Amino acid sequence: MRVRYAPSPTGDFHVGGARTALFNWLFARHHGGRFILRIEDTDRKRYNPQALQWLLDGLRYLELDWDEGPEVGGGYGPYVQTERLEIYREHCGRLLEAGAAYRCFCTPERLQELARQAQQRGERGGYDRACRNLDPEEAARRAEAGEPHVVRFKMPLEGETTVHDAIRGDITFPNAVLQDTVLMKSDGIPTYHLANVVDDHLMEISHVLRGDEWVNSLPLHIHLYRAFGWEPPVMAHLPLILNPTGKGKMSKREERAPDGSVRPVFVRTFQELGYLPEAMINFLALLGWSYDDKTEIMSRQELIERFTLERVQASPAVWNYDKLDHMNGYYIRQLAPEDLAGRLVPFFEKAGWKADREKVLQIVPLIRERIKRLSDAVAVADFFFLEKLPPYDAAELIPKKGDAAMALAALERGREALGKIEFTREAIEAALRGEAEKLGIKAGQMFHPIRVAISGRKVSPPLFESLEVLGKETSLARIGEAIAKLRGASGA
RNA sequence: GGCGCUAUCGUCUAGUGGUUAGGACAGGGCCCUCUCAAGGCUCAGGCACGGGUUCGAAUCCCGUUAGCGCUACCA
């Protein structure tokens, strides 16, 4: 079995595309087939030279390896469509010769006018097939003379076309609504339809798994295969991914909110935010596919073993960031501490901190249950790395049902007690609890000011462990700063 | 507008004629607890509507409605 993922390099690698790639990849790996990557760059206007790199990087991040395609080659190349132009021209010629297609000399202006008139009538009608009945020999002469033209496919005018989709079953279209679609543009570059069909055949693709937005062009594709005298591959249209709002296809753009947060839609952004490839794969696999009534967490290997087309959903799926975050958090917690530490280091370094592995390894147990994305660790663990704590208000130091005097007492007694002990988790806890008791305050009221003093925040990783990792010197210094801040604020 | 696809908790889904309609995320509560998490227990929440077929429909058929997609010399 041979399947392909055939993206168009027009922009950033989108999660919708990643899902399509993943289903093809899982299908190939499950059946021991080949996964082919083909670049469909026939749209010169929207071509983006960075897109290919984004795509390749994204596939590598997700660990979706391709057996044939760019960089790896293969026996059916080239795998970039603009390097195959001669092949399409030759095949287009065959269609022309067989009378299955015709040259159309209608100008863009005429087409526009046609559309305008249709709209005036409240219709949407397409091309009027004015050139369909031109004498082929005369048309050939005009083309020879250099007259600009496109090549259109001759769709049947009457009756209906029934096509088969492996997921949806038979689908029937009245031929009257089908268009004489352009196969070859006036610049000699084929449209998607021609190039795609020709390549899928020549590359011996056995199963086409693509997005649902293509079902309406399936009749054209099937007629193309027939016109060439080819057997079409098994066609399967995957359910679309919808926006979290449920309104429309998943957005192709991501905008940064004023606070810098993003709702990622590009694979690159998910990677930058610290989504684990194993979580992405697992989540994406469940978007339009399921294994049974209980199992959701599945390794790459399990996914490969279990993936079948039969269990692919026909209905569209709404993207759910909460579920992805949950899953990513789960996978983060499953990571061995050394592994997690290694993955965290780049994020800390990007924040500008000296993050040696040893230190990160100490921090990992304190934060692994508190992050959903690797990048979250930066905000959670900042106080371990920062030389100077970000400014906070003295009022933050005051515990619940307490006042400045209580905070001050807790800090002063805490500092004194901590100064006298060996800095281990157990000793720290014992010392702090002891002081709380002596002061006649609740343990929480004792811990709160110290937490804020060492982390600069009301919410932090576990206090005793944090103190231990921070070390005696830094801890006492920060408590000292808090005392000074509190004294200053109380107007002394 | 036309054509096509789809329709089970808010969301992802299990379910293929007989089930107390199951699970997960999100939400509520309780437990654990130094904050926040994580974890455990638990509650609430659904077969779009209307007709058939059948002894019996979430499951099969038809219609309605709704959502989405396509309707380019873009893919």
# chains A, B, ... in the order shown; residues from 1 in each chain; ligands from 1
$ residues_around --residues "segment 55-61 of chain B" --least-positions-apart "4" --cutoff "10 Å" --atoms "only C-alpha atoms (C1' of nucleotides)" --output "CSV table (one decimal) with N, CA, C and O atoms (P, O5', C5', C4', C3', O3' and C1' of nucleotides), in the first residue's frame"
chain,number,residue,atom,x,y,z
B,8,U,P,-24.0,14.4,16.9
B,8,U,O5',-24.5,13.6,18.2
B,8,U,C5',-25.9,13.5,18.4
B,8,U,C4',-26.1,12.7,19.6
B,8,U,C3',-25.2,13.2,20.8
B,8,U,O3',-25.8,14.3,21.4
B,8,U,C1',-25.2,10.9,20.7
B,15,G,P,-18.3,2.0,18.1
B,15,G,O5',-19.7,1.5,18.6
B,15,G,C5',-19.7,0.6,19.7
B,15,G,C4',-21.1,0.7,20.4
B,15,G,C3',-22.2,0.3,19.4
B,15,G,O3',-23.0,-0.8,19.9
B,15,G,C1',-22.6,2.4,20.5
B,16,U,P,-23.2,-2.0,19.1
B,16,U,O5',-24.2,-1.5,18.0
B,16,U,C5',-24.8,-2.4,17.2
B,16,U,C4',-25.2,-1.7,15.9
B,16,U,C3',-25.5,-2.7,14.8
B,16,U,O3',-26.9,-3.0,14.9
B,16,U,C1',-24.1,-1.0,14.0
B,17,G,P,-27.5,-4.3,14.5
B,17,G,O5',-28.9,-3.9,15.2
B,17,G,C5',-29.0,-2.7,16.0
B,17,G,C4',-30.2,-2.9,16.9
B,17,G,C3',-30.5,-4.3,17.3
B,17,G,O3',-29.9,-4.8,18.5
B,17,G,C1',-32.4,-3.2,16.5
B,18,G,P,-29.8,-4.0,20.0
B,18,G,O5',-31.3,-4.0,20.5
B,18,G,C5',-31.9,-2.8,21.0
B,18,G,C4',-32.5,-2.9,22.4
B,18,G,C3',-31.5,-3.5,23.4
B,18,G,O3',-31.3,-2.7,24.5
B,18,G,C1',-33.4,-5.1,22.9
B,21,A,P,-30.3,3.4,29.4
B,21,A,O5',-28.8,4.1,29.5
B,21,A,C5',-27.7,3.3,29.5
B,21,A,C4',-26.8,3.7,28.4
B,21,A,C3',-25.9,4.9,28.6
B,21,A,O3',-24.8,4.6,29.4
B,21,A,C1',-26.8,5.1,26.5
B,47,C,P,-31.5,14.4,24.5
B,47,C,O5',-31.1,13.0,23.8
B,47,C,C5',-31.5,12.8,22.4
B,47,C,C4',-30.2,12.6,21.6
B,47,C,C3',-30.5,12.2,20.1
B,47,C,O3',-29.5,12.9,19.4
B,47,C,C1',-29.4,10.4,21.2
$ residues_around --residues "Ile241 of chain A" --least-positions-apart "3" --cutoff "12 Å" --atoms "only C-alpha atoms (C1' of nucleotides)" --output "number ranges by chain"
A: 14-20, 211-213, 238, 244-252, 265, 284-289, 313-320; B: 12, 68-69
$ interface_residues --of "chain A" --to "chain B" --cutoff "6 Å" --atoms "only C-alpha atoms (C1' of nucleotides)" --output "short mmCIF file (atom, residue, chain, number, x, y, z; two decimals) with all heavy atoms, in the first residue's frame"
data_model
loop_
_atom_site.label_atom_id
_atom_site.label_comp_id
_atom_site.auth_asym_id
_atom_site.auth_seq_id
_atom_site.Cartn_x
_atom_site.Cartn_y
_atom_site.Cartn_z
N GLU A 123 -27.64 34.23 -9.25
CA GLU A 123 -27.12 32.88 -9.41
C GLU A 123 -25.61 32.83 -9.14
O GLU A 123 -24.99 33.84 -8.85
CB GLU A 123 -27.39 32.38 -10.85
CG GLU A 123 -28.86 32.14 -11.13
CD GLU A 123 -29.09 31.89 -12.61
OE1 GLU A 123 -28.13 31.53 -13.31
OE2 GLU A 123 -30.24 32.09 -13.07
N LYS A 185 -3.34 25.83 -16.72
CA LYS A 185 -3.47 27.28 -16.73
C LYS A 185 -2.78 27.86 -17.96
O LYS A 185 -1.99 27.18 -18.63
CB LYS A 185 -2.85 27.87 -15.45
CG LYS A 185 -3.41 27.27 -14.17
CD LYS A 185 -2.68 27.84 -12.95
CE LYS A 185 -2.62 26.82 -11.83
NZ LYS A 185 -1.78 27.25 -10.70
N GLU A 213 -12.75 18.74 2.32
CA GLU A 213 -13.04 19.84 1.41
C GLU A 213 -12.87 19.42 -0.05
O GLU A 213 -13.22 20.16 -0.96
CB GLU A 213 -12.15 21.06 1.71
CG GLU A 213 -10.67 20.88 1.42
CD GLU A 213 -9.87 20.45 2.63
OE1 GLU A 213 -10.43 19.75 3.50
OE2 GLU A 213 -8.68 20.80 2.72
N ASN A 216 -16.19 17.46 -3.18
CA ASN A 216 -16.90 18.01 -4.33
C ASN A 216 -16.09 17.94 -5.62
O ASN A 216 -16.66 18.06 -6.71
CB ASN A 216 -17.32 19.44 -4.04
CG ASN A 216 -18.48 19.49 -3.06
OD1 ASN A 216 -19.55 18.96 -3.33
ND2 ASN A 216 -18.24 20.07 -1.90
N ASP A 292 -11.72 2.69 20.89
CA ASP A 292 -12.85 2.00 21.52
C ASP A 292 -13.59 2.97 22.42
O ASP A 292 -13.49 4.17 22.26
CB ASP A 292 -12.36 0.76 22.28
CG ASP A 292 -11.42 1.13 23.43
OD1 ASP A 292 -11.32 2.34 23.74
OD2 ASP A 292 -10.80 0.24 24.02
N ASP A 293 -14.30 2.45 23.39
CA ASP A 293 -15.10 3.33 24.25
C ASP A 293 -14.33 3.84 25.46
O ASP A 293 -14.85 4.65 26.21
CB ASP A 293 -16.37 2.59 24.69
CG ASP A 293 -16.03 1.32 25.47
OD1 ASP A 293 -14.94 0.77 25.24
OD2 ASP A 293 -16.84 0.90 26.30
N LYS A 294 -13.09 3.39 25.66
CA LYS A 294 -12.37 3.82 26.85
C LYS A 294 -10.97 4.37 26.59
O LYS A 294 -10.54 5.32 27.23
CB LYS A 294 -12.22 2.63 27.82
CG LYS A 294 -13.56 2.05 28.23
CD LYS A 294 -13.58 1.70 29.70
CE LYS A 294 -15.00 1.66 30.21
NZ LYS A 294 -15.84 0.66 29.48
N SER A 315 -18.08 12.63 10.58
CA SER A 315 -18.50 13.98 10.96
C SER A 315 -17.31 14.82 11.42
O SER A 315 -16.35 14.31 11.96
CB SER A 315 -19.55 13.90 12.06
OG SER A 315 -19.08 13.10 13.12
N LYS A 323 -8.48 19.89 26.09
CA LYS A 323 -8.16 18.46 26.08
C LYS A 323 -6.70 18.23 25.67
O LYS A 323 -6.03 17.37 26.22
CB LYS A 323 -9.10 17.73 25.13
CG LYS A 323 -8.95 16.23 25.21
CD LYS A 323 -10.26 15.52 24.97
CE LYS A 323 -10.07 14.02 25.17
NZ LYS A 323 -11.36 13.31 25.19
N GLU A 369 4.17 18.52 37.94
CA GLU A 369 2.71 18.40 38.05
C GLU A 369 2.01 19.74 37.88
O GLU A 369 0.80 19.83 37.98
CB GLU A 369 2.35 17.82 39.42
CG GLU A 369 2.42 16.32 39.41
CD GLU A 369 2.89 15.76 40.74
OE1 GLU A 369 2.80 16.49 41.74
OE2 GLU A 369 3.38 14.62 40.75
N ARG A 370 2.82 20.76 37.67
CA ARG A 370 2.24 22.10 37.60
C ARG A 370 2.30 22.76 36.24
O ARG A 370 1.97 23.92 36.10
CB ARG A 370 2.95 23.01 38.64
CG ARG A 370 2.30 22.93 39.99
CD ARG A 370 3.23 23.38 41.10
NE ARG A 370 3.86 22.20 41.68
CZ ARG A 370 3.41 21.58 42.77
NH1 ARG A 370 2.40 22.08 43.42
NH2 ARG A 370 4.00 20.50 43.21
N GLY A 444 -0.14 27.66 57.76
CA GLY A 444 -0.32 28.36 56.49
C GLY A 444 0.05 29.83 56.59
O GLY A 444 0.59 30.41 55.66
N PHE A 447 3.76 29.97 56.48
CA PHE A 447 4.35 29.64 55.18
C PHE A 447 4.15 30.75 54.15
O PHE A 447 5.01 31.01 53.32
CB PHE A 447 3.74 28.35 54.61
CG PHE A 447 3.91 27.16 55.51
CD1 PHE A 447 3.00 26.10 55.48
CD2 PHE A 447 4.99 27.08 56.41
CE1 PHE A 447 3.16 24.99 56.30
CE2 PHE A 447 5.15 25.98 57.23
CZ PHE A 447 4.23 24.92 57.18
N VAL A 459 1.52 32.00 44.72
CA VAL A 459 1.41 30.60 44.32
C VAL A 459 2.78 30.13 43.85
O VAL A 459 3.42 30.78 43.03
CB VAL A 459 0.40 30.45 43.16
CG1 VAL A 459 0.44 29.05 42.59
CG2 VAL A 459 -0.99 30.81 43.64
#
$ residues_around --residues "U42 of chain B" --least-positions-apart "2" --cutoff "12 Å" --atoms "only C-alpha atoms (C1' of nucleotides)" --output "list of chain:residue names"
B:G28, B:G29, B:C30, B:C31, B:G40, B:A44
$ residues_around --residues "His207 of chain A" --least-positions-apart "6" --cutoff "10 Å" --atoms "only C-alpha atoms (C1' of nucleotides)" --output "list in words"
Met1, Arg2, Val3, Arg4, Asn24, Phe27, Ala28, Ala166, Asp200, Pro232, Pro233, Val234, Met235 and Ala236 of chain A
$ closest_residue --among "A:Arg333, A:Arg413, A:Arg29, A:His201" --to "Ile222 of chain A" --atoms "only C-alpha atoms"
A:His201
$ residues_around --residues "segment 50-52 of chain B" --least-positions-apart "4" --cutoff "10 Å" --atoms "only C-alpha atoms (C1' of nucleotides)" --output "ChimeraX atom specification"
/B:61-64
$ select_by_dssp --residues "segment 165-220 of chain A" --states "alpha helix (DSSP H)" --output "number ranges by chain"
A: 192-202, 218-220
$ write_last_selection --atoms "N, CA, C and O atoms" --output "CSV table (one decimal), in the first residue's frame"
chain,number,residue,atom,x,y,z
A,192,TYR,N,-4.3,21.9,-9.6
A,192,TYR,CA,-4.2,20.8,-8.6
A,192,TYR,C,-4.8,19.5,-9.2
A,192,TYR,O,-4.2,18.5,-9.1
A,193,HIS,N,-6.0,19.7,-9.9
A,193,HIS,CA,-6.7,18.5,-10.3
A,193,HIS,C,-5.9,17.6,-11.2
A,193,HIS,O,-5.8,16.4,-11.0
A,194,LEU,N,-5.3,18.2,-12.2
A,194,LEU,CA,-4.5,17.5,-13.2
A,194,LEU,C,-3.3,16.9,-12.6
A,194,LEU,O,-3.0,15.7,-12.6
A,195,ALA,N,-2.5,17.7,-11.9
A,195,ALA,CA,-1.2,17.3,-11.4
A,195,ALA,C,-1.4,16.2,-10.3
A,195,ALA,O,-0.7,15.2,-10.3
A,196,ASN,N,-2.4,16.4,-9.5
A,196,ASN,CA,-2.7,15.5,-8.4
A,196,ASN,C,-3.1,14.1,-9.0
A,196,ASN,O,-2.6,13.1,-8.5
A,197,VAL,N,-4.0,14.1,-9.9
A,197,VAL,CA,-4.4,12.8,-10.5
A,197,VAL,C,-3.3,12.1,-11.2
A,197,VAL,O,-3.0,10.9,-11.0
A,198,VAL,N,-2.6,12.8,-12.0
A,198,VAL,CA,-1.4,12.3,-12.8
A,198,VAL,C,-0.4,11.7,-11.8
A,198,VAL,O,0.1,10.6,-12.0
A,199,ASP,N,0.0,12.5,-10.8
A,199,ASP,CA,1.0,12.0,-9.9
A,199,ASP,C,0.5,10.8,-9.0
A,199,ASP,O,1.3,9.9,-8.8
A,200,ASP,N,-0.7,10.9,-8.6
A,200,ASP,CA,-1.2,9.8,-7.8
A,200,ASP,C,-1.1,8.5,-8.6
A,200,ASP,O,-0.8,7.4,-8.1
A,201,HIS,N,-1.4,8.6,-9.9
A,201,HIS,CA,-1.4,7.4,-10.7
A,201,HIS,C,0.1,7.0,-10.9
A,201,HIS,O,0.5,5.8,-10.7
A,202,LEU,N,0.9,7.9,-11.4
A,202,LEU,CA,2.3,7.6,-11.7
A,202,LEU,C,3.1,7.1,-10.5
A,202,LEU,O,4.0,6.3,-10.6
A,218,LEU,N,-14.3,15.3,-6.3
A,218,LEU,CA,-14.1,13.9,-6.5
A,218,LEU,C,-14.7,13.4,-7.9
A,218,LEU,O,-14.0,12.7,-8.6
A,219,PRO,N,-15.9,13.9,-8.3
A,219,PRO,CA,-16.4,13.5,-9.6
A,219,PRO,C,-15.4,13.9,-10.7
A,219,PRO,O,-15.1,13.1,-11.6
A,220,LEU,N,-14.9,15.1,-10.7
A,220,LEU,CA,-13.9,15.5,-11.7
A,220,LEU,C,-12.7,14.5,-11.7
A,220,LEU,O,-12.2,14.1,-12.7
$ closest_residue --among "A:Phe383, A:Phe307, A:Phe464, A:Phe35" --to "Arg478 of chain A" --atoms "only C-alpha atoms"
A:Phe383
$ atom_distance --atom1 "atom CA of Glu338 of chain A" --atom2 "atom CA of Ser261 of chain A"
28.6 Å
$ atom_distance --atom1 "atom CA of Val267 of chain A" --atom2 "atom CA of Gly58 of chain A"
5.9 Å
$ decode --residues "segment 450-468 of chain A" --atoms "C-alpha atoms" --output "PDB file, in the first residue's frame"
ATOM      1  CA  ILE A 450       7.989  33.051  53.274  1.00  0.00           C
ATOM      2  CA  ARG A 451       6.567  31.724  50.052  1.00  0.00           C
ATOM      3  CA  VAL A 452       6.083  35.216  48.731  1.00  0.00           C
ATOM      4  CA  ALA A 453       9.480  36.280  50.028  1.00  0.00           C
ATOM      5  CA  ILE A 454      11.377  33.588  48.158  1.00  0.00           C
ATOM      6  CA  SER A 455       9.265  33.318  45.005  1.00  0.00           C
ATOM      7  CA  GLY A 456       7.735  36.746  44.679  1.00  0.00           C
ATOM      8  CA  ARG A 457       4.363  35.109  44.199  1.00  0.00           C
ATOM      9  CA  LYS A 458       1.453  33.828  46.265  1.00  0.00           C
ATOM     10  CA  VAL A 459       1.410  30.598  44.316  1.00  0.00           C
ATOM     11  CA  SER A 460       4.542  28.543  44.035  1.00  0.00           C
ATOM     12  CA  PRO A 461       5.870  25.019  43.947  1.00  0.00           C
ATOM     13  CA  PRO A 462       6.022  23.270  47.347  1.00  0.00           C
ATOM     14  CA  LEU A 463       7.673  25.593  49.841  1.00  0.00           C
ATOM     15  CA  PHE A 464      10.121  23.355  51.706  1.00  0.00           C
ATOM     16  CA  GLU A 465      11.478  21.763  48.576  1.00  0.00           C
ATOM     17  CA  SER A 466      11.742  25.147  46.955  1.00  0.00           C
ATOM     18  CA  LEU A 467      13.738  26.507  49.888  1.00  0.00           C
ATOM     19  CA  GLU A 468      15.989  23.479  49.767  1.00  0.00           C
TER      20      GLU A 468
END
